[in-house]
$ cat model-v1.csv   # CSV, C-alpha atoms (C1' of nucleotides)
chain,number,residue,atom,x,y,z
A,65,MET,CA,151.1,87.0,278.1
A,66,ARG,CA,149.1,86.3,281.2
A,67,ILE,CA,145.7,84.6,281.2
A,68,LYS,CA,143.6,87.8,281.5
A,69,THR,CA,145.5,89.4,278.6
A,70,LEU,CA,144.7,86.3,276.5
A,71,ALA,CA,141.1,86.4,277.7
A,72,ASP,CA,140.7,90.1,276.7
A,73,ALA,CA,142.4,89.5,273.3
A,74,THR,CA,140.1,86.7,272.4
A,75,GLY,CA,136.9,87.4,274.2
A,76,VAL,CA,137.1,84.1,276.0
A,77,GLU,CA,136.6,84.0,279.7
A,78,VAL,CA,139.5,83.1,282.0
A,79,ASP,CA,137.7,80.1,283.4
A,80,THR,CA,136.9,78.9,279.9
A,81,ILE,CA,140.6,79.1,278.9
A,82,ARG,CA,141.6,77.0,281.9
A,83,TYR,CA,138.8,74.6,281.0
A,84,TYR,CA,140.0,74.2,277.4
A,85,GLU,CA,143.5,73.4,278.8
A,86,LYS,CA,142.0,70.8,281.1
A,87,GLN,CA,140.2,69.3,278.1
A,88,GLY,CA,143.3,69.1,276.1
A,89,LEU,CA,142.3,71.6,273.5
A,90,LEU,CA,144.9,74.2,274.5
A,91,PRO,CA,148.4,73.0,275.3
A,92,GLU,CA,149.8,73.8,278.7
A,93,PRO,CA,151.6,77.1,278.6
A,94,ALA,CA,154.9,77.8,280.2
A,95,ARG,CA,154.8,79.1,283.8
A,96,GLN,CA,156.3,82.3,285.2
A,97,ASP,CA,158.4,82.1,288.3
A,98,ASN,CA,155.3,82.8,290.4
A,99,GLY,CA,153.4,79.9,288.8
A,100,TYR,CA,151.2,82.2,286.6
A,101,ARG,CA,150.5,80.8,283.1
A,102,ASP,CA,152.6,82.5,280.4
A,103,TYR,CA,151.0,82.3,277.0
A,104,ALA,CA,152.6,82.6,273.6
A,105,SER,CA,151.1,83.9,270.4
A,106,THR,CA,150.6,80.3,269.2
A,107,HIS,CA,148.1,80.0,272.1
A,108,LEU,CA,146.3,83.0,270.9
A,109,GLU,CA,145.9,81.7,267.4
A,110,ARG,CA,144.8,78.3,268.6
A,111,LEU,CA,142.3,79.8,271.0
A,112,ALA,CA,140.9,82.0,268.2
A,113,PHE,CA,140.5,78.9,266.1
A,114,ILE,CA,138.7,77.1,268.8
A,115,ARG,CA,136.5,80.1,269.3
A,116,HIS,CA,135.6,80.3,265.7
A,117,CYS,CA,134.7,76.6,265.6
A,118,ARG,CA,132.5,77.1,268.7
A,119,ALA,CA,130.8,80.0,266.9
A,120,LEU,CA,129.9,77.4,264.3
A,121,GLU,CA,128.5,75.3,267.2
A,122,MET,CA,130.9,72.5,266.8
A,123,PRO,CA,131.2,70.3,269.9
A,124,LEU,CA,134.6,70.3,271.6
A,125,VAL,CA,135.2,66.8,270.6
A,126,ASP,CA,135.0,67.7,266.9
A,127,ILE,CA,137.2,70.7,267.4
A,128,ARG,CA,139.8,68.4,269.0
A,129,THR,CA,139.7,66.4,265.8
A,130,LEU,CA,140.2,69.5,263.7
A,131,LEU,CA,143.1,70.6,265.9
A,132,GLY,CA,144.7,67.2,265.5
A,133,ALA,CA,144.4,67.6,261.7
A,134,LEU,CA,146.1,71.0,262.0
A,135,ASP,CA,148.9,69.5,264.1
A,136,ALA,CA,149.6,66.9,261.4
A,137,PRO,CA,149.6,69.0,258.2
A,138,GLY,CA,151.5,66.4,256.1
A,139,GLU,CA,149.0,63.6,256.7
A,140,PRO,CA,145.6,63.0,255.2
A,141,HIS,CA,142.6,63.9,257.5
A,142,PRO,CA,139.5,62.4,256.0
A,143,ASP,CA,137.4,63.5,259.0
A,144,VAL,CA,137.5,67.3,258.3
A,145,ASP,CA,135.1,67.3,255.4
A,146,ARG,CA,132.7,64.9,257.1
A,147,LEU,CA,132.6,66.9,260.3
A,148,VAL,CA,131.7,70.1,258.4
A,149,GLN,CA,129.0,68.2,256.5
A,150,GLU,CA,127.6,66.8,259.7
A,151,GLN,CA,127.5,70.2,261.2
A,152,ILE,CA,125.6,71.5,258.2
A,153,ASP,CA,123.1,68.7,258.5
A,154,LYS,CA,122.7,69.4,262.2
A,155,VAL,CA,122.1,73.1,261.6
A,156,ARG,CA,119.6,72.5,258.9
A,157,VAL,CA,117.5,70.1,261.0
A,158,ARG,CA,117.6,72.6,263.8
A,159,LEU,CA,116.6,75.4,261.5
A,160,GLN,CA,113.6,73.5,260.3
A,161,SER,CA,112.4,72.8,263.8
A,162,MET,CA,113.0,76.4,264.8
A,163,ARG,CA,110.9,77.7,262.0
A,164,ALA,CA,108.1,75.4,263.0
A,165,LEU,CA,108.5,76.5,266.5
A,166,GLU,CA,108.2,80.2,265.7
A,167,LYS,CA,105.0,79.6,263.8
A,168,GLN,CA,103.6,77.6,266.6
A,169,LEU,CA,104.4,80.2,269.2
A,170,LEU,CA,102.9,83.0,267.0
A,171,LEU,CA,99.7,81.0,266.7
A,172,LEU,CA,99.7,80.5,270.4
A,173,GLN,CA,100.1,84.2,271.0
A,174,ALA,CA,97.3,85.1,268.5
A,175,SER,CA,95.0,82.9,270.5
A,176,CYS,CA,95.3,85.2,273.4
A,177,GLY,CA,93.7,88.6,272.8
A,178,GLY,CA,95.7,90.5,275.4
A,179,CYS,CA,94.1,88.6,278.3
A,180,SER,CA,97.1,88.8,280.5
A,181,ASP,CA,95.8,91.3,283.0
A,182,GLN,CA,92.2,90.6,283.7
A,183,GLY,CA,92.4,87.1,282.2
A,184,THR,CA,90.7,84.3,284.1
A,185,ASP,CA,90.6,82.1,281.1
A,186,CYS,CA,93.7,82.7,279.0
A,187,GLY,CA,93.4,81.5,275.4
A,188,ILE,CA,97.1,80.6,275.4
A,189,LEU,CA,96.6,78.1,278.2
A,190,LYS,CA,93.5,76.7,276.5
A,191,GLU,CA,95.4,76.4,273.3
A,192,LEU,CA,98.3,74.6,275.0
A,193,VAL,CA,96.0,72.2,276.7
A,194,ALA,CA,94.2,71.5,273.4
A,195,ALA,CA,97.4,71.1,271.5
A,196,ALA,CA,98.7,68.7,274.1
A,197,HIS,CA,95.6,66.6,273.3
A,198,GLY,CA,96.9,65.9,269.9
A,199,GLU,CA,95.9,68.5,267.5
A,200,ALA,CA,98.4,69.7,264.9
A,201,CYS,CA,101.5,70.9,266.7
A,202,VAL,CA,105.3,71.0,266.6
A,203,CYS,CA,105.8,68.1,268.9
A,204,HIS,CA,103.9,65.7,266.7
A,205,SER,CA,105.5,66.6,263.5
A,206,HIS,CA,109.0,66.6,265.1
A,207,ALA,CA,109.6,63.7,267.4
A,208,SER,CA,113.0,64.8,268.6
A,209,ILE,CA,113.2,68.1,270.3
B,280,MET,CA,98.6,52.8,284.7
B,281,ARG,CA,102.2,51.9,285.4
B,282,ILE,CA,105.1,54.1,284.4
B,283,LYS,CA,106.0,52.2,281.3
B,284,THR,CA,102.4,52.5,280.0
B,285,LEU,CA,102.5,56.2,280.6
B,286,ALA,CA,105.9,56.4,278.9
B,287,ASP,CA,104.7,54.6,275.8
B,288,ALA,CA,101.5,56.7,275.7
B,289,THR,CA,103.3,60.0,275.7
B,290,GLY,CA,106.6,59.2,274.2
B,291,VAL,CA,108.4,60.3,277.3
B,292,GLU,CA,111.1,58.1,278.8
B,293,VAL,CA,110.5,56.5,282.1
B,294,ASP,CA,113.5,58.2,283.6
B,295,THR,CA,112.3,61.5,282.4
B,296,ILE,CA,108.9,61.0,284.0
B,297,ARG,CA,110.5,60.3,287.4
B,298,TYR,CA,112.7,63.3,286.8
B,299,TYR,CA,109.6,65.5,286.2
B,300,GLU,CA,108.1,64.2,289.4
B,301,LYS,CA,111.3,65.0,291.4
B,302,GLN,CA,111.2,68.5,289.9
B,303,GLY,CA,107.6,69.0,291.0
B,304,LEU,CA,106.1,69.2,287.5
B,305,LEU,CA,104.2,66.0,287.8
B,306,PRO,CA,102.3,65.3,291.1
B,307,GLU,CA,103.3,62.2,292.9
B,308,PRO,CA,101.0,59.4,291.8
B,309,ALA,CA,99.3,56.8,294.0
B,310,ARG,CA,101.3,53.6,294.7
B,311,GLN,CA,100.2,50.1,294.2
B,312,ASP,CA,100.7,47.5,297.0
B,313,ASN,CA,104.1,46.6,295.6
B,314,GLY,CA,105.2,50.2,295.6
B,315,TYR,CA,104.9,50.7,291.8
B,316,ARG,CA,103.6,54.1,290.7
B,317,ASP,CA,100.0,54.1,289.7
B,318,TYR,CA,99.2,56.9,287.3
B,319,ALA,CA,95.7,58.3,286.5
B,320,SER,CA,94.6,60.0,283.3
B,321,THR,CA,95.2,63.4,284.8
B,322,HIS,CA,98.9,62.5,284.8
B,323,LEU,CA,98.7,61.6,281.2
B,324,GLU,CA,97.2,65.0,280.3
B,325,ARG,CA,99.6,66.9,282.4
B,326,LEU,CA,102.6,65.1,281.0
B,327,ALA,CA,101.3,65.7,277.4
B,328,PHE,CA,101.0,69.4,278.3
B,329,ILE,CA,104.6,69.4,279.6
B,330,ARG,CA,105.8,67.6,276.5
B,331,HIS,CA,104.1,70.1,274.3
B,332,CYS,CA,105.7,73.0,276.1
B,333,ARG,CA,109.1,71.3,275.9
B,334,ALA,CA,108.6,70.9,272.2
B,335,LEU,CA,108.2,74.7,272.1
B,336,GLU,CA,111.6,74.7,273.9
B,337,MET,CA,110.3,76.3,277.1
B,338,PRO,CA,112.5,75.7,280.1
B,339,LEU,CA,111.0,73.6,282.9
B,340,VAL,CA,110.9,76.6,285.2
B,341,ASP,CA,108.5,78.4,282.8
B,342,ILE,CA,106.4,75.3,282.3
B,343,ARG,CA,106.1,75.2,286.1
B,344,THR,CA,104.6,78.7,285.9
B,345,LEU,CA,102.2,77.7,283.2
B,346,LEU,CA,101.1,74.6,285.2
B,347,GLY,CA,100.6,76.9,288.2
B,348,ALA,CA,98.3,79.1,286.1
B,349,LEU,CA,96.4,76.0,285.0
B,350,ASP,CA,96.0,74.9,288.6
B,351,ALA,CA,94.5,78.3,289.5
B,352,PRO,CA,91.9,78.8,286.7
B,353,GLY,CA,90.0,81.5,288.6
B,354,GLU,CA,92.9,83.8,289.2
B,355,PRO,CA,94.7,86.2,286.9
B,356,HIS,CA,98.0,85.0,285.5
B,357,PRO,CA,99.8,87.9,283.9
B,358,ASP,CA,102.9,85.7,283.3
B,359,VAL,CA,101.5,83.5,280.6
B,360,ASP,CA,101.5,86.1,277.8
B,361,ARG,CA,104.9,87.4,278.7
B,362,LEU,CA,106.4,83.9,278.8
B,363,VAL,CA,105.1,83.2,275.3
B,364,GLN,CA,106.4,86.5,274.0
B,365,GLU,CA,109.9,85.9,275.6
B,366,GLN,CA,109.9,82.5,274.0
B,367,ILE,CA,109.2,83.9,270.6
B,368,ASP,CA,112.0,86.5,271.0
B,369,LYS,CA,114.4,83.7,272.0
B,370,VAL,CA,113.5,81.6,269.0
B,371,ARG,CA,113.9,84.5,266.6
B,372,VAL,CA,117.3,85.4,267.9
B,373,ARG,CA,118.3,81.8,267.6
B,374,LEU,CA,116.9,81.6,264.1
B,375,GLN,CA,118.9,84.6,263.0
B,376,SER,CA,122.1,83.1,264.3
B,377,MET,CA,121.4,79.7,262.8
B,378,ARG,CA,120.9,81.1,259.4
B,379,ALA,CA,124.2,82.9,259.6
B,380,LEU,CA,125.7,79.7,260.8
B,381,GLU,CA,124.4,77.7,257.8
B,382,LYS,CA,125.8,80.2,255.4
B,383,GLN,CA,129.2,80.2,257.1
B,384,LEU,CA,129.4,76.4,257.1
B,385,LEU,CA,128.4,76.2,253.4
B,386,LEU,CA,131.1,78.7,252.5
B,387,LEU,CA,133.5,76.6,254.5
B,388,GLN,CA,132.5,73.5,252.7
B,389,ALA,CA,132.9,75.1,249.3
B,390,SER,CA,136.4,76.1,250.1
B,391,CYS,CA,137.3,72.4,250.1
B,392,GLY,CA,137.2,70.7,246.7
B,393,GLY,CA,136.6,67.2,248.0
B,394,CYS,CA,140.1,67.1,249.4
B,395,SER,CA,139.1,64.7,252.1
B,396,ASP,CA,140.9,61.6,250.9
B,397,GLN,CA,144.2,62.6,249.4
B,398,GLY,CA,144.2,66.0,251.0
B,399,THR,CA,147.4,67.2,252.7
B,400,ASP,CA,146.3,70.8,252.7
B,401,CYS,CA,142.6,70.9,253.3
B,402,GLY,CA,140.9,74.2,252.2
B,403,ILE,CA,138.5,73.9,255.1
B,404,LEU,CA,141.3,74.0,257.7
B,405,LYS,CA,143.0,76.9,256.0
B,406,GLU,CA,139.7,78.7,255.9
B,407,LEU,CA,139.0,78.1,259.5
B,408,VAL,CA,142.5,79.3,260.5
B,409,ALA,CA,142.1,82.4,258.3
B,410,ALA,CA,138.6,83.1,259.6
B,411,ALA,CA,140.0,82.8,263.1
B,412,HIS,CA,142.4,85.6,262.2
B,413,GLY,CA,139.5,88.0,262.0
B,414,GLU,CA,138.0,87.9,258.5
B,415,ALA,CA,134.3,88.2,258.2
B,416,CYS,CA,132.7,85.3,260.1
B,417,VAL,CA,129.8,84.5,262.3
B,418,CYS,CA,131.6,84.8,265.6
B,419,HIS,CA,132.4,88.4,264.9
B,420,SER,CA,129.0,89.5,263.8
B,421,HIS,CA,127.4,87.6,266.7
B,422,ALA,CA,129.2,88.0,270.0
B,423,SER,CA,127.1,85.5,272.0
B,424,ILE,CA,127.1,82.0,270.7
C,120,DG,C1',110.7,27.2,287.5
C,121,DA,C1',113.6,30.0,284.8
C,122,DA,C1',114.2,33.9,282.0
C,123,DA,C1',112.8,38.2,280.5
C,124,DA,C1',110.7,42.4,281.3
C,125,DC,C1',109.4,45.5,284.4
C,126,DC,C1',109.8,48.4,288.8
C,127,DC,C1',112.2,50.8,292.8
C,128,DT,C1',115.9,54.1,294.9
C,129,DG,C1',119.9,56.9,295.0
C,130,DG,C1',123.6,58.6,292.7
C,131,DA,C1',126.7,59.6,288.9
C,132,DG,C1',127.6,61.1,284.1
C,133,DT,C1',126.8,64.3,280.1
C,134,DC,C1',128.2,69.1,277.7
C,135,DG,C1',130.3,73.4,278.0
C,136,DC,C1',130.9,76.2,280.7
C,137,DT,C1',130.5,79.3,285.1
C,138,DC,C1',131.1,80.3,289.8
C,139,DC,C1',133.1,79.7,294.3
C,140,DA,C1',136.3,79.3,298.4
C,141,DG,C1',140.6,80.0,300.1
C,142,DA,C1',145.0,81.3,299.4
C,143,DG,C1',148.9,83.6,297.1
C,144,DT,C1',150.9,87.7,294.1
C,145,DC,C1',151.4,92.0,292.1
C,146,DA,C1',150.8,97.1,290.9
C,147,DA,C1',149.2,101.6,292.1
C,148,DG,C1',148.2,105.1,295.3
C,149,DT,C1',148.9,107.3,300.0
D,69,DA,C1',155.9,101.1,304.3
D,70,DC,C1',151.2,99.9,303.9
D,71,DT,C1',146.9,99.2,302.1
D,72,DT,C1',143.7,98.4,298.6
D,73,DG,C1',142.3,96.3,294.6
D,74,DA,C1',143.1,93.6,290.7
D,75,DC,C1',144.9,89.6,289.3
D,76,DT,C1',146.4,84.5,289.7
D,77,DC,C1',146.3,79.7,291.4
D,78,DT,C1',143.9,75.0,292.6
D,79,DG,C1',140.2,71.9,293.3
D,80,DG,C1',135.5,71.3,293.4
D,81,DA,C1',130.5,72.4,292.9
D,82,DG,C1',126.5,74.0,290.2
D,83,DC,C1',123.7,74.6,285.9
D,84,DG,C1',119.7,72.4,282.7
D,85,DA,C1',117.4,68.6,281.2
D,86,DC,C1',118.0,64.7,281.1
D,87,DT,C1',120.3,59.8,280.7
D,88,DC,C1',122.4,55.8,282.5
D,89,DC,C1',123.8,52.7,286.1
D,90,DA,C1',124.1,49.5,290.2
D,91,DG,C1',121.9,46.7,293.0
D,92,DG,C1',118.0,45.2,294.5
D,93,DG,C1',112.7,43.5,294.2
D,94,DT,C1',108.4,42.0,291.3
D,95,DT,C1',105.7,40.4,287.6
D,96,DT,C1',104.9,38.2,283.4
D,97,DT,C1',105.8,34.8,280.0
D,98,DC,C1',107.5,30.6,278.2
$ encode --input "model-v1.csv" --output "structure tokens"
Amino acid sequence: MRIKTLADATGVEVDTIRYYEKQGLLPEPARQDNGYRDYASTHLERLAFIRHCRALEMPLVDIRTLLGALDAPGEPHPDVDRLVQEQIDKVRVRLQSMRALEKQLLLLQASCGGCSDQGTDCGILKELVAAAHGEACVCHSHASI
Amino acid sequence: MRIKTLADATGVEVDTIRYYEKQGLLPEPARQDNGYRDYASTHLERLAFIRHCRALEMPLVDIRTLLGALDAPGEPHPDVDRLVQEQIDKVRVRLQSMRALEKQLLLLQASCGGCSDQGTDCGILKELVAAAHGEACVCHSHASI
DNA sequence: GAAAACCCTGGAGTCGCTCCAGAGTCAAGT
DNA sequence: ACTTGACTCTGGAGCGACTCCAGGGTTTTC
């Protein structure tokens, strides 16, 4: 299977596949006589696994760990559970801050009564300036962005 | 006010302040005799504004537009309202996908009965492999990560 | 007067891709 | 047989928003 075929089968871009190989996530495939990469079905499976983990927003370094665990099925891999838990924690923190964000943006929007066209003094801008001065806002309740 | 003072006052790192200057978001301050940057209170306000917008996850390029609108208070700025709306849309899409993500990760976690220590065959890994094979999962309901 | 803390510049590194140039290869149509 | 277009290769640069570093100068503090 050539790289484009693999790309189409997994929905991963050609460049990205080569990138994963360079990063050691995808083993180097065999080469055809012309030097083209020749992938086997194991590559397809592994790439689908990587893709799935990326959909869960795991960083590549964590995925490498998971792949290592997969490659050593007989051995204990205490990291797997921890990685998933950490990922859950990350997502939750992010969810919290996104919810606050949405609220803040809606408030911001409400402060502008459709001033966009004529508007010399947009409420949104005023609001942003005022908020920057220290009134209740997302950035003060959440230090880390 | 020297750069560290400004950094402490706003919670923005020194490097980041210099970066904002290089990006044209923060005007070049005066210099002391020794070449040190000498900030005025206008810089503090502007930096707080930038910080607030960043807390709303606006990209720097959008913040530049908002700052431009602030700098031209007499003129109409039809972009402001649109930028906020776009930001809201972005946050909502992201919220949706984060919620699905959390659910998926929790399912994943439940599939492992605390196998981390002894575990030769972790349920999480099995689950990930199975999911990669195309069963219901986040990455199939949400094409873009 | 020495050590610590601060300041400067320019450039590199981070993450996870994405795009590009420049060259080679292959398949389909004329 | 020839041309066109799609595909492949490599190595390297670019993105966003920082963050860190080297190698130097200055100021403050003990």
$ residues_around --input "model-v1.csv" --residues "segment 124-128 of chain A" --least-positions-apart "3" --cutoff "8 Å" --atoms "all atoms listed in the file" --output "PyMOL selection string"
chain A and resi 88-89+114+117-118+131-132+147
$ write_last_selection --input "model-v1.csv" --atoms "C-alpha atoms" --output "tab-separated table (two decimals), in the coordinates of the input"
chain	number	residue	atom	x	y	z
A	88	GLY	CA	143.30	69.10	276.10
A	89	LEU	CA	142.30	71.60	273.50
A	114	ILE	CA	138.70	77.10	268.80
A	117	CYS	CA	134.70	76.60	265.60
A	118	ARG	CA	132.50	77.10	268.70
A	131	LEU	CA	143.10	70.60	265.90
A	132	GLY	CA	144.70	67.20	265.50
A	147	LEU	CA	132.60	66.90	260.30
$ interface_residues --input "model-v1.csv" --of "chain C" --to "chain A" --cutoff "8 Å" --atoms "all atoms listed in the file" --output "PyMOL selection string"
chain C and resi 136-137+144
$ residues_around --input "model-v1.csv" --residues "Leu335 of chain B" --least-positions-apart "2" --cutoff "10 Å" --atoms "all atoms listed in the file" --output "ChimeraX atom specification"
/A:161-162,164-166,168-169,201-203,209 /B:329-333,337-338,363,366-367,370
$ residues_around --input "model-v1.csv" --residues "Thr344 of chain B" --least-positions-apart "4" --cutoff "8 Å" --atoms "all atoms listed in the file" --output "ChimeraX atom specification"
/B:340,348,358-359
$ closest_residue --input "model-v1.csv" --among "D:DA69, D:DA74, D:DC86, D:DA81" --to "chain B" --atoms "all atoms listed in the file"
D:DC86
$ atom_distance --input "model-v1.csv" --atom1 "atom CA of Arg325 of chain B" --atom2 "atom C1' of DC125 of chain C"
23.6 Å
$ atom_distance --input "model-v1.csv" --atom1 "atom CA of Met65 of chain A" --atom2 "atom CA of Asp102 of chain A"
5.3 Å
$ atom_distance --input "model-v1.csv" --atom1 "atom CA of Arg316 of chain B" --atom2 "atom C1' of DC126 of chain C"
8.6 Å
$ closest_residue --input "model-v1.csv" --among "D:DC75, D:DA90, D:DC98, D:DC83" --to "chain A" --atoms "all atoms listed in the file"
D:DC75
$ closest_residue --input "model-v1.csv" --among "D:DT97, D:DT71, D:DT76, D:DG84" --to "chain A" --atoms "only C-alpha atoms (C1' of nucleotides)"
D:DT76
$ closest_residue --input "model-v1.csv" --among "B:Leu349, B:Leu305, B:Ala319, B:Ala327" --to "Gly290 of chain B" --atoms "all atoms listed in the file"
B:Ala327
$ interface_residues --input "model-v1.csv" --of "chain D" --to "chain B" --cutoff "10 Å" --atoms "only C-alpha atoms (C1' of nucleotides)" --output "CSV table (one decimal) with C-alpha atoms (C1' of nucleotides), keeping the file's coordinate frame"
chain,number,residue,atom,x,y,z
D,84,DG,C1',119.7,72.4,282.7
D,85,DA,C1',117.4,68.6,281.2
D,86,DC,C1',118.0,64.7,281.1
D,87,DT,C1',120.3,59.8,280.7
D,88,DC,C1',122.4,55.8,282.5
D,93,DG,C1',112.7,43.5,294.2
D,94,DT,C1',108.4,42.0,291.3
$ residues_near_point --input "model-v1.csv" --point "(146.7, 80.6, 294.6)" --cutoff "6 Å" --atoms "all atoms listed in the file" --output "PyMOL selection string"
(chain C and resi 142-143) or (chain D and resi 77)
$ closest_residue --input "model-v1.csv" --among "B:Ile296, B:Val291, B:Tyr318, B:Ala309" --to "chain A" --atoms "all atoms listed in the file"
B:Val291
$ closest_residue --input "model-v1.csv" --among "A:Asp97, A:Glu92, A:Glu139, A:Glu150" --to "chain B" --atoms "all atoms listed in the file"
A:Glu139
